[in-house]
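Coordinates as given in model-v1.cif (mmCIF, C-alpha atoms and all ligand atoms):
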data_work
#
loop_
_atom_site.label_atom_id
_atom_site.label_comp_id
_atom_site.auth_asym_id
_atom_site.auth_seq_id
_atom_site.Cartn_x
_atom_site.Cartn_y
_atom_site.Cartn_z
CA MET A 1 132.07 27.60 56.21
CA LEU A 2 130.13 30.86 55.88
CA ASP A 3 126.89 31.54 57.77
CA LEU A 4 124.77 32.16 54.69
CA VAL A 5 125.07 32.24 50.90
CA LEU A 6 122.42 33.64 48.57
CA LYS A 7 122.98 32.39 45.03
CA GLY A 8 121.35 32.54 41.60
CA ALA A 9 120.54 36.21 42.16
CA HIS A 10 120.20 39.05 39.68
CA LEU A 11 122.20 41.31 41.99
CA ALA A 12 122.43 45.11 41.94
CA THR A 13 125.19 46.03 44.39
CA CYS A 14 124.49 49.80 44.21
CA ASP A 15 128.22 50.07 44.94
CA GLY A 16 129.64 50.85 41.51
CA ALA A 17 131.28 54.06 40.28
CA GLY A 18 130.43 56.23 37.29
CA SER A 19 127.01 56.78 35.70
CA ALA A 20 123.80 55.88 37.54
CA ALA A 21 123.65 52.57 35.65
CA GLU A 22 127.29 51.85 36.58
CA GLN A 23 126.62 52.72 40.22
CA LEU A 24 123.69 50.31 40.18
CA ASP A 25 126.19 47.61 39.05
CA ARG A 26 123.86 44.78 37.96
CA ARG A 27 125.27 41.27 37.99
CA PRO A 28 123.06 38.44 36.70
CA ASP A 29 123.67 35.02 38.29
CA ALA A 30 125.60 36.36 41.25
CA ALA A 31 126.05 35.05 44.78
CA VAL A 32 126.64 36.85 48.09
CA GLY A 33 128.35 35.24 51.09
CA VAL A 34 127.65 36.36 54.65
CA GLU A 35 129.61 35.78 57.85
CA GLY A 36 129.25 37.46 61.25
CA GLY A 37 126.62 39.91 60.01
CA ARG A 38 128.83 41.22 57.21
CA VAL A 39 129.13 40.55 53.50
CA VAL A 40 132.38 38.64 53.02
CA TRP A 41 132.17 37.42 49.43
CA ILE A 42 130.51 38.52 46.15
CA GLY A 43 130.98 36.64 42.88
CA PRO A 44 129.48 34.34 40.26
CA SER A 45 127.05 31.72 41.61
CA ALA A 46 129.16 28.86 40.19
CA GLU A 47 132.07 29.88 42.44
CA ALA A 48 130.08 30.48 45.65
CA PRO A 49 131.78 29.22 48.83
CA ALA A 50 130.17 26.64 51.12
CA ALA A 51 127.83 27.88 53.86
CA ARG A 52 125.71 26.50 56.68
CA GLU A 53 122.64 27.87 54.91
CA VAL A 54 122.36 28.29 51.12
CA ARG A 55 119.40 29.94 49.44
CA GLU A 56 118.88 29.52 45.68
CA LEU A 57 117.11 32.64 44.40
CA GLU A 58 116.37 31.29 40.90
CA GLY A 59 117.11 34.55 39.12
CA ALA A 60 115.27 36.83 41.54
CA ALA A 61 116.42 40.44 41.98
CA LEU A 62 118.71 41.01 44.97
CA LEU A 63 119.54 44.47 46.30
CA PRO A 64 120.96 46.02 49.42
CA GLY A 65 118.21 46.23 52.02
CA LEU A 66 116.28 49.37 51.08
CA VAL A 67 116.78 52.54 53.12
CA ASP A 68 113.85 54.83 53.92
CA PRO A 69 115.40 58.24 54.65
CA HIS A 70 112.27 60.01 55.96
CA THR A 71 109.55 58.62 58.20
CA HIS A 72 107.32 59.79 61.03
CA LEU A 73 106.36 56.26 62.02
CA VAL A 74 105.80 56.74 65.76
CA PHE A 75 102.27 58.07 66.22
CA ALA A 76 98.81 57.05 67.34
CA GLY A 77 95.37 57.84 65.98
CA SER A 78 93.89 58.09 62.53
CA ARG A 79 93.42 61.03 60.17
CA VAL A 80 90.91 59.33 57.91
CA GLU A 81 88.26 61.91 58.85
CA GLU A 82 90.54 64.75 57.80
CA PHE A 83 91.59 62.85 54.66
CA THR A 84 87.96 62.53 53.68
CA ARG A 85 87.45 66.29 54.14
CA ARG A 86 90.59 67.11 52.18
CA MET A 87 89.73 64.82 49.31
CA GLY A 88 86.38 66.63 49.25
CA GLY A 89 88.25 69.89 48.60
CA GLU A 90 89.28 71.33 51.99
CA ASP A 91 92.85 72.63 52.33
CA TYR A 92 95.63 70.99 54.41
CA ARG A 93 96.99 74.27 55.80
CA THR A 94 93.51 75.60 56.60
CA ILE A 95 92.66 72.45 58.57
CA ALA A 96 96.03 72.71 60.37
CA ALA A 97 95.44 76.37 61.22
CA GLU A 98 92.09 75.38 62.81
CA GLY A 99 93.84 72.96 65.19
CA GLY A 100 93.47 69.83 63.06
CA GLY A 101 96.26 68.21 61.05
CA ILE A 102 99.50 67.56 62.96
CA ALA A 103 97.90 68.82 66.21
CA SER A 104 95.21 66.13 66.07
CA THR A 105 97.87 63.42 65.81
CA VAL A 106 99.71 65.08 68.70
CA ARG A 107 96.63 64.72 70.91
CA ALA A 108 96.18 61.03 70.02
CA THR A 109 99.91 60.30 70.43
CA ARG A 110 100.13 61.93 73.86
CA ALA A 111 97.13 59.89 74.99
CA ALA A 112 98.78 56.57 74.04
CA SER A 113 101.10 54.66 76.38
CA GLU A 114 104.72 54.05 75.42
CA GLU A 115 103.90 50.35 75.03
CA GLN A 116 101.01 51.14 72.66
CA LEU A 117 103.21 53.48 70.65
CA PHE A 118 105.87 50.80 70.38
CA ALA A 119 103.36 48.21 69.18
CA LEU A 120 102.09 50.60 66.50
CA ALA A 121 105.60 51.62 65.44
CA LYS A 122 106.73 48.01 65.30
CA ALA A 123 103.80 47.01 63.09
CA ARG A 124 104.68 49.84 60.68
CA ALA A 125 108.38 48.94 60.77
CA GLU A 126 107.52 45.33 59.94
CA ALA A 127 105.31 46.49 57.08
CA LEU A 128 108.25 48.51 55.72
CA ARG A 129 110.48 45.49 56.12
CA ALA A 130 108.05 43.33 54.17
CA ARG A 131 108.73 45.78 51.31
CA GLY A 132 112.47 45.16 51.57
CA VAL A 133 113.39 48.05 53.88
CA THR A 134 116.11 47.25 56.45
CA SER A 135 117.16 50.76 57.51
CA VAL A 136 115.01 53.73 58.36
CA GLU A 137 115.20 57.31 59.56
CA VAL A 138 112.57 57.95 62.24
CA LYS A 139 111.48 61.39 63.44
CA SER A 140 109.75 62.43 66.62
CA GLY A 141 107.39 65.40 66.26
CA TYR A 142 104.00 64.20 67.48
CA GLY A 143 104.73 64.79 71.18
CA LEU A 144 105.86 68.44 71.27
CA THR A 145 106.69 68.45 74.98
CA THR A 146 110.05 67.37 76.38
CA GLU A 147 108.66 64.20 77.96
CA SER A 148 106.57 63.11 75.01
CA GLU A 149 109.30 63.82 72.44
CA LEU A 150 111.72 61.72 74.52
CA ARG A 151 109.14 58.94 74.55
CA LEU A 152 108.84 58.89 70.74
CA LEU A 153 112.62 58.79 70.32
CA ARG A 154 112.91 55.95 72.86
CA VAL A 155 110.32 54.00 70.86
CA ALA A 156 112.29 54.61 67.65
CA ARG A 157 115.55 53.44 69.23
CA ARG A 158 113.84 50.33 70.61
CA LEU A 159 112.99 49.25 67.05
CA GLU A 160 116.71 48.86 66.47
CA ALA A 161 117.45 47.40 69.90
CA GLU A 162 114.88 44.67 69.27
CA GLY A 163 116.35 43.91 65.86
CA VAL A 164 113.43 45.08 63.74
CA LEU A 165 115.28 47.63 61.59
CA ARG A 166 118.48 49.66 61.56
CA VAL A 167 117.34 53.09 62.82
CA THR A 168 118.63 56.63 62.80
CA THR A 169 116.61 59.20 64.75
CA SER A 170 115.76 62.87 64.27
CA PHE A 171 114.30 65.15 66.94
CA LEU A 172 111.49 67.16 65.32
CA GLY A 173 110.15 69.25 68.21
CA ALA A 174 109.72 72.01 65.62
CA HIS A 175 107.10 70.11 63.65
CA ALA A 176 104.22 72.36 64.73
CA VAL A 177 103.34 74.71 67.58
CA PRO A 178 101.44 72.39 69.96
CA PRO A 179 97.70 72.99 70.50
CA GLU A 180 98.12 74.31 74.08
CA LYS A 181 100.68 76.92 72.91
CA ARG A 182 98.81 78.30 69.93
CA GLY A 183 99.55 82.00 69.65
CA GLU A 184 102.77 81.60 71.67
CA ARG A 185 105.14 80.47 68.97
CA ALA A 186 108.14 82.49 70.18
CA ARG A 187 107.80 80.86 73.62
CA TYR A 188 107.49 77.45 72.00
CA VAL A 189 110.67 77.95 69.96
CA ASP A 190 112.42 79.02 73.19
CA GLU A 191 111.24 75.76 74.74
CA VAL A 192 112.49 73.68 71.81
CA VAL A 193 115.93 75.31 71.97
CA GLY A 194 116.21 75.75 75.74
CA GLU A 195 114.52 72.59 77.10
CA GLN A 196 113.57 69.94 74.58
CA LEU A 197 116.77 69.87 72.55
CA PRO A 198 119.14 69.79 75.54
CA ALA A 199 117.09 66.98 77.14
CA VAL A 200 117.07 64.95 73.94
CA ALA A 201 120.80 65.52 73.38
CA GLU A 202 121.69 64.61 76.98
CA ALA A 203 119.63 61.44 76.76
CA GLY A 204 121.57 60.53 73.60
CA LEU A 205 118.33 59.74 71.81
CA ALA A 206 118.75 61.77 68.61
CA ASP A 207 121.28 61.47 65.82
CA ALA A 208 119.98 64.60 64.13
CA VAL A 209 117.61 67.53 64.49
CA ASP A 210 114.91 68.32 61.93
CA VAL A 211 112.70 71.41 61.53
CA TYR A 212 109.58 71.89 59.43
CA CYS A 213 110.61 75.15 57.74
CA ASP A 214 107.74 76.31 55.57
CA ASP A 215 104.79 78.53 55.08
CA GLY A 216 102.38 77.61 57.91
CA ALA A 217 105.19 76.00 59.95
CA PHE A 218 108.48 77.54 61.22
CA THR A 219 110.27 80.58 59.78
CA LEU A 220 113.82 80.67 58.45
CA GLU A 221 115.04 82.57 61.53
CA GLU A 222 113.45 80.03 63.89
CA THR A 223 114.93 77.20 61.84
CA ARG A 224 118.38 78.76 62.01
CA ARG A 225 118.18 79.12 65.78
CA ILE A 226 117.15 75.51 66.30
CA LEU A 227 119.60 73.98 63.86
CA GLU A 228 122.51 76.08 65.13
CA ALA A 229 121.71 74.92 68.67
CA ALA A 230 121.69 71.33 67.36
CA LYS A 231 125.09 71.75 65.73
CA ALA A 232 126.51 73.28 68.88
CA ARG A 233 125.59 70.00 70.62
CA GLY A 234 127.25 67.93 67.92
CA LEU A 235 124.03 66.73 66.30
CA LYS A 236 123.51 66.48 62.55
CA VAL A 237 120.88 68.65 60.93
CA ARG A 238 118.22 68.26 58.26
CA ALA A 239 114.94 70.01 57.49
CA HIS A 240 111.59 69.80 55.75
CA VAL A 241 111.97 72.61 53.21
CA GLY A 242 110.12 73.97 50.20
CA GLN A 243 107.02 71.78 50.54
CA PHE A 244 104.84 74.83 49.89
CA ALA A 245 107.32 77.75 49.70
CA ASP A 246 111.09 78.18 49.63
CA LEU A 247 111.77 80.33 52.70
CA GLY A 248 115.54 80.00 52.23
CA GLY A 249 115.74 76.68 54.09
CA PRO A 250 117.77 74.92 51.36
CA ALA A 251 120.47 77.61 51.45
CA LEU A 252 120.51 77.46 55.26
CA LEU A 253 121.00 73.68 55.17
CA ALA A 254 123.86 74.19 52.73
CA GLU A 255 125.44 76.75 55.04
CA LEU A 256 125.11 74.44 58.06
CA GLY A 257 126.28 71.29 56.24
CA GLY A 258 122.91 69.54 56.57
CA LEU A 259 122.47 65.88 55.65
CA SER A 260 119.31 66.43 53.64
CA GLY A 261 116.63 68.86 52.57
CA ASP A 262 113.30 67.07 52.24
CA HIS A 263 110.14 67.69 50.11
CA LEU A 264 111.41 70.46 47.76
CA GLU A 265 108.29 70.79 45.60
CA ALA A 266 108.75 74.58 45.72
CA ILE A 267 112.54 75.05 45.80
CA ASP A 268 114.09 77.94 43.84
CA GLU A 269 117.27 77.92 41.74
CA ALA A 270 119.46 79.59 44.36
CA GLY A 271 118.49 76.93 46.91
CA LEU A 272 119.25 74.17 44.42
CA SER A 273 122.73 75.38 43.62
CA ALA A 274 123.53 75.96 47.30
CA MET A 275 122.50 72.37 48.07
CA ALA A 276 124.61 71.05 45.18
CA GLU A 277 127.65 73.00 46.29
CA ALA A 278 127.42 71.76 49.88
CA GLY A 279 126.47 68.15 49.01
CA VAL A 280 123.08 68.27 50.77
CA VAL A 281 120.91 65.38 49.55
CA ALA A 282 117.42 66.11 48.21
CA VAL A 283 114.85 63.71 49.67
CA LEU A 284 111.81 63.48 47.42
CA LEU A 285 108.51 62.34 48.94
CA PRO A 286 105.98 61.13 46.36
CA GLY A 287 103.44 59.97 48.96
CA ALA A 288 103.13 63.56 50.21
CA TRP A 289 102.88 65.26 46.84
CA ARG A 290 100.31 62.68 45.74
CA THR A 291 98.19 62.98 48.89
CA LEU A 292 98.36 66.79 48.77
CA ARG A 293 97.68 66.70 45.01
CA GLN A 294 100.74 68.81 44.36
CA GLU A 295 102.85 69.09 41.27
CA ALA A 296 105.91 66.82 41.67
CA PRO A 297 109.38 68.39 41.80
CA ARG A 298 111.28 68.05 38.49
CA ALA A 299 114.15 65.58 38.74
CA GLU A 300 115.85 67.17 35.76
CA ARG A 301 116.41 70.38 37.75
CA PHE A 302 118.16 68.46 40.56
CA ARG A 303 120.15 66.42 38.04
CA ALA A 304 121.25 69.53 36.13
CA ALA A 305 122.25 71.30 39.35
CA GLY A 306 124.14 68.23 40.62
CA VAL A 307 122.01 67.58 43.72
CA PRO A 308 121.86 63.86 44.65
CA MET A 309 118.29 62.58 44.96
CA ALA A 310 116.90 60.12 47.50
CA VAL A 311 113.30 58.93 47.82
CA GLY A 312 111.42 58.32 51.08
CA THR A 313 107.98 57.23 52.15
CA ASP A 314 107.40 60.19 54.53
CA LEU A 315 105.30 57.58 56.36
CA ASN A 316 102.92 59.75 58.44
CA PRO A 317 99.19 59.83 59.15
CA GLY A 318 98.49 63.18 57.52
CA THR A 319 100.14 63.40 54.16
CA SER A 320 101.62 59.99 53.37
CA PRO A 321 100.00 56.92 54.89
CA THR A 322 102.18 54.37 53.09
CA THR A 323 104.82 51.77 53.95
CA ASP A 324 105.45 50.95 50.29
CA LEU A 325 108.91 52.36 49.51
CA PRO A 326 109.14 50.58 46.11
CA LEU A 327 105.85 52.29 45.19
CA CYS A 328 107.39 55.65 46.15
CA ALA A 329 110.35 54.89 43.85
CA ALA A 330 107.87 53.99 41.11
CA LEU A 331 106.06 57.31 41.58
CA ALA A 332 109.31 59.30 41.68
CA VAL A 333 110.07 57.87 38.23
CA ARG A 334 106.62 58.52 36.80
CA ASP A 335 105.79 61.87 38.45
CA ALA A 336 109.17 63.57 38.96
CA GLY A 337 111.05 62.12 35.99
CA MET A 338 113.77 60.28 37.89
CA THR A 339 115.36 57.52 35.83
CA VAL A 340 114.85 53.93 36.96
CA GLU A 341 118.51 53.75 38.02
CA GLU A 342 118.32 57.04 39.95
CA ALA A 343 115.23 55.84 41.79
CA LEU A 344 116.95 52.58 42.80
CA LEU A 345 120.02 54.47 44.05
CA GLY A 346 117.59 56.88 45.72
CA VAL A 347 116.17 54.13 47.95
CA THR A 348 119.58 52.57 48.67
CA ARG A 349 122.97 54.29 48.72
CA VAL A 350 121.79 57.89 48.32
CA ALA A 351 119.07 57.34 50.94
CA ALA A 352 121.70 55.95 53.34
CA ARG A 353 123.78 59.08 52.88
CA ALA A 354 120.72 61.31 53.43
CA ALA A 355 119.85 59.38 56.59
CA GLY A 356 123.43 59.57 57.88
CA PHE A 357 124.02 55.82 58.17
CA GLU A 358 127.49 54.32 58.44
CA GLU A 359 129.51 53.76 55.28
CA GLY A 360 128.34 50.64 53.43
CA VAL A 361 124.64 50.79 54.38
CA GLY A 362 122.55 50.88 51.18
CA ARG A 363 125.24 48.99 49.21
CA VAL A 364 126.29 45.37 48.84
CA ARG A 365 130.05 45.34 49.35
CA VAL A 366 132.61 43.10 50.99
CA GLY A 367 133.05 44.32 54.56
CA GLY A 368 129.69 46.11 54.58
CA PRO A 369 126.66 45.15 56.68
CA ALA A 370 124.78 42.07 55.43
CA ASP A 371 121.46 43.87 54.89
CA LEU A 372 119.88 42.42 51.75
CA ALA A 373 116.48 42.24 50.11
CA ALA A 374 115.38 39.85 47.35
CA PHE A 375 112.24 40.53 45.34
CA PRO A 376 110.03 38.21 43.27
CA VAL A 377 111.07 39.86 39.99
CA GLN A 378 113.83 38.88 37.57
CA ASP A 379 115.54 42.24 37.25
CA PRO A 380 116.26 44.87 39.95
CA ARG A 381 114.89 47.51 37.58
CA ALA A 382 111.45 45.94 38.05
CA LEU A 383 111.21 47.54 41.51
CA PRO A 384 110.12 50.93 40.17
CA TYR A 385 108.50 49.20 37.17
CA ALA A 386 105.97 47.51 39.47
CA LEU A 387 103.38 50.13 40.36
CA GLY A 388 103.00 49.24 44.02
CA GLY A 389 102.27 46.08 45.91
CA LEU A 390 105.69 44.49 45.44
CA GLY A 391 106.82 42.69 48.58
CA ALA A 392 110.26 41.27 49.33
CA SER A 393 110.69 37.50 48.99
CA LEU A 394 113.64 37.43 51.43
CA VAL A 395 114.99 40.05 53.84
CA VAL A 396 118.35 39.70 55.59
CA ARG A 397 119.36 42.13 58.33
CA ALA A 398 122.82 42.04 59.85
CA GLY A 399 123.25 38.54 58.42
CA ALA A 400 120.00 37.03 59.76
CA ILE A 401 116.94 36.16 57.69
CA VAL A 402 114.24 38.36 59.22
CA ALA A 403 111.38 38.11 56.73
CA GLU A 404 110.24 35.92 53.87
CA GLY A 405 107.53 36.49 51.31
CA PRO A 406 106.20 34.76 48.22
CA PRO A 407 109.16 33.67 46.03
CA ALA A 408 107.40 33.41 42.65
CA PRO A 409 108.16 36.08 40.05
CA VAL A 410 105.22 38.42 39.52
CA PHE A 411 106.79 40.58 36.74
O1 LIG B 501 106.39 65.43 56.03
N1 LIG B 501 105.58 68.34 56.41
C1 LIG B 501 105.48 68.10 57.62
N2 LIG B 501 105.27 66.92 58.17
C2 LIG B 501 104.65 65.84 57.52
C3 LIG B 501 103.18 65.89 57.62
C4 LIG B 501 102.77 65.56 58.97
C5 LIG B 501 101.29 65.49 59.22
O2 LIG B 501 100.45 66.06 58.47
O3 LIG B 501 100.97 64.84 60.23
C6 LIG B 501 105.19 65.67 56.12
O4 LIG B 501 104.48 65.74 55.11
FE FE B 502 107.91 64.59 56.78
#

Can the structure from this file be put into structure tokens for me?
Amino acid sequence: MLDLVLKGAHLATCDGAGSAAEQLDRRPDAAVGVEGGRVVWIGPSAEAPAAREVRELEGAALLPGLVDPHTHLVFAGSRVEEFTRRMGGEDYRTIAAEGGGIASTVRATRAASEEQLFALAKARAEALRARGVTSVEVKSGYGLTTESELRLLRVARRLEAEGVLRVTTSFLGAHAVPPEKRGERARYVDEVVGEQLPAVAEAGLADAVDVYCDDGAFTLEETRRILEAAKARGLKVRAHVGQFADLGGPALLAELGGLSGDHLEAIDEAGLSAMAEAGVVAVLLPGAWRTLRQEAPRAERFRAAGVPMAVGTDLNPGTSPTTDLPLCAALAVRDAGMTVEEALLGVTRVAARAAGFEEGVGRVRVGGPADLAAFPVQDPRALPYALGGLGASLVVRAGAIVAEGPPAPVF
């Protein structure tokens, strides 16, 4: 007797080999059996084993629980005022240079209690989950002091401890120079390397270290210093690179064996081939390029260079206020030219690799974690076909049903 069987599914395991369509591995009328939080059986519905709980999906799409490889979901405050100014024509980097932007979220986040931050983060995590997301990368970066960065990472880890989502964390002390240290950037980088990073590493709160390496943020030399210090402590590395300018961050990530380079609207050819060579995943962030009204990166360049592509929400108050990962996949197809299959792999197995999750996350395979999401559509390819608003009809995390939505097909 298994714990749970989902049957009558149009399954995409995302665990195949070969072309993108073969990796997607669609199987109409499939069933998945779950025991002890793991997938233990996959096969035709007619042959499904007995289980204590059986759900008939009536042809609905079933995928691995989606993986969001890039979020900043622990923050307080609103940036609607700034959004209104920006949509009226003011520039993101100019507002940031005047002490708005990231710094304004830092002020609101520091003023919130840890309990308030957790409640906000949990609400956002549940909103992601309602879209079929079961695993998420969460960055700090709105505290920018040792104590407040530790607080954000504790909140992120608590989301996993309380069973909301599977979480991997990145310390992003180098997100911006904090308001009280404006004009003292060298001192701030010293603090990140000499105080914040050691404290975070010793507390065991970060799986990786991230740096915002760009025009208006941190330089290539500063990024190298921080990421080398991270590696010396055994942490994985990733970075925000090429959002506005390619400062050489992609090549640095390749040299350091980074998990992912994220944004990449402005990456040059040398950076692309270095990433391909080293197997660094490109994380594309449609919410940010849309909100900043930027030209999308061209998927064909990444494809031609052999760089694997993932898609994230970039969930943050400044440049990407969204929890709709399927919408981001839909925009990556329409704006960047990803294929439907690439976009689906980009929010599952490739996203899991970018985020640094254990083998099997982002795939449906025997022995892998039973993280699954069903959607009220009849074909998994309808995820990026739907232009936003698609919720999951059933979400399973580590074998337990954690969310249910409307079951009726909408497309
Ligand atoms: O990923 N690029 C840097 N960080 C965020 C924006 C953060 C903010 O504006 O609050 C991003 O787009
Ligand atoms: Fe980001």

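Reported to one decimal place, the separation of CA of Leu325 in chain A from CA of Phe302 in chain A is 20.6 Å.
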
Do you know which residues are at most 12 Å from range 185-189 of chain A counting all atoms listed in the file, after dropping those on the same chain fewer than 2 positions away, and could you put them as number ranges by chain? A: 144-146, 172-183, 191-197, 211, 216-219, 221-227, 229

Nearest candidate to ligand FE 502 (chain B) (options A:Arg154, A:His70, A:Arg107, A:Arg363; using all atoms listed in the file):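 Counting all atoms listed in the file, the residue closest to ligand FE 502 (chain B) is A:His70.
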
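With a cut-off of 8 Å and using all atoms listed in the file, the polymer residues contacting ligand FE 502 (chain B) are His70, Thr71, His72, Tyr212, His240, Asp262, His263, Asp314, Leu315 and Asn316 of chain A.
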
Store the residues of this selection in a file with C-alpha atoms, as a compact mmCIF listing (two decimals), keeping the file's coordinate frame.
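Result file follows (out_32.txt):
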# COMPACT_ATOMS: atom_id res chain seq x y z
CA HIS A 70 112.27 60.01 55.96
CA THR A 71 109.55 58.62 58.20
CA HIS A 72 107.32 59.79 61.03
CA TYR A 212 109.58 71.89 59.43
CA HIS A 240 111.59 69.80 55.75
CA ASP A 262 113.30 67.07 52.24
CA HIS A 263 110.14 67.69 50.11
CA ASP A 314 107.40 60.19 54.53
CA LEU A 315 105.30 57.58 56.36
CA ASN A 316 102.92 59.75 58.44

Pick from A:Leu2, A:Leu159, A:Leu259, A:Leu205, whichever lies nearest to Arg129 in chain A using only C-alpha atoms: A:Leu159

With all atoms listed in the file as the counted atoms, please give the residues lying no more than 12 Å from Thr94 in chain A, apart from itself and same-chain residues fewer than 6 positions off, as a list in words.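 Those residues are Glu82, Arg85, Arg86, Gly100, Gly101, Ile102, Asp215 and Gly216 of chain A.
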
Atom pair CA of Asp207 in chain A + CA of Gln23 in chain A, distance 27.6 Å

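The smallest atom-to-atom distance between ligand LIG 501 (chain B) and any of A:Glu228, A:Asp29, A:Glu265, A:Glu22, using only C-alpha atoms and all ligand atoms, is found for A:Glu265.
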
Box for range 35-38 of chain A: with edges along x, y and z, all listed atoms inside and 4 Å added on each side, what are the centre and edge lengths in Å to one decimal, as JSON?
{"center_x": 128.1, "center_y": 38.5, "center_z": 59.2, "size_x": 11.0, "size_y": 13.4, "size_z": 12.0}

For Tyr385 in chain A, which of A:Arg52, A:Arg334, A:Arg79, A:Lys139 is the closest residue, counting all atoms listed in the file?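 The shortest atom-to-atom distance to Tyr385 in chain A comes from A:Arg334.
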
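Take CA of Glu404 in chain A and CA of Asp371 in chain A: the distance between them is 13.8 Å.
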
If you count all atoms listed in the file, which residues fall within 10 Å of Gly257 in chain A, apart from same-chain ones fewer than 3 positions away, as a PyMOL selection string? chain A and resi 231+236-238+251-254+260+275+278-280

Shortest interatomic distance to Val350 in chain A - which of A:Ala392, A:Cys14, A:Ile95, A:Ile42, counting all atoms listed in the file: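 That would be A:Cys14, the residue with the smallest distance to Val350 in chain A.
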
Using only C-alpha atoms and all ligand atoms, the residue out of A:Thr339, A:Thr105, A:Thr322, A:Ser148 with shortest distance to ligand LIG 501 (chain B) is A:Thr105

Need the shell around Pro384 in chain A: protein/DNA/RNA residues with any atom at most 7 Å away, counting all atoms listed in the file. Skip same-chain ones fewer than 2 positions apart. Format as a ChimeraX atom specification? /A:326-327,329-330,340,381-382,386-387

Find the residues around Gly37 in chain A up to 10 Å (only C-alpha atoms counted), leave out those fewer than 4 positions away in its own chain, and share them as a list in words.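 Skipping anything fewer than 4 positions along the chain leaves Asp3, Leu4, Gly367, Gly368, Pro369, Ala370, Asp371, Val396, Arg397, Ala398, Gly399 and Ala400 of chain A.
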
Need the neighbours of (103.9, 48.5, 49.1): which residues are at most 6 Å away, counting only C-alpha atoms, as a compact mmCIF listing (two decimals) with C-alpha atoms, in the coordinates of the input?
# COMPACT_ATOMS: atom_id res chain seq x y z
CA ARG A 131 108.73 45.78 51.31
CA THR A 323 104.82 51.77 53.95
CA ASP A 324 105.45 50.95 50.29
CA LEU A 327 105.85 52.29 45.19
CA GLY A 388 103.00 49.24 44.02
CA GLY A 389 102.27 46.08 45.91
CA LEU A 390 105.69 44.49 45.44
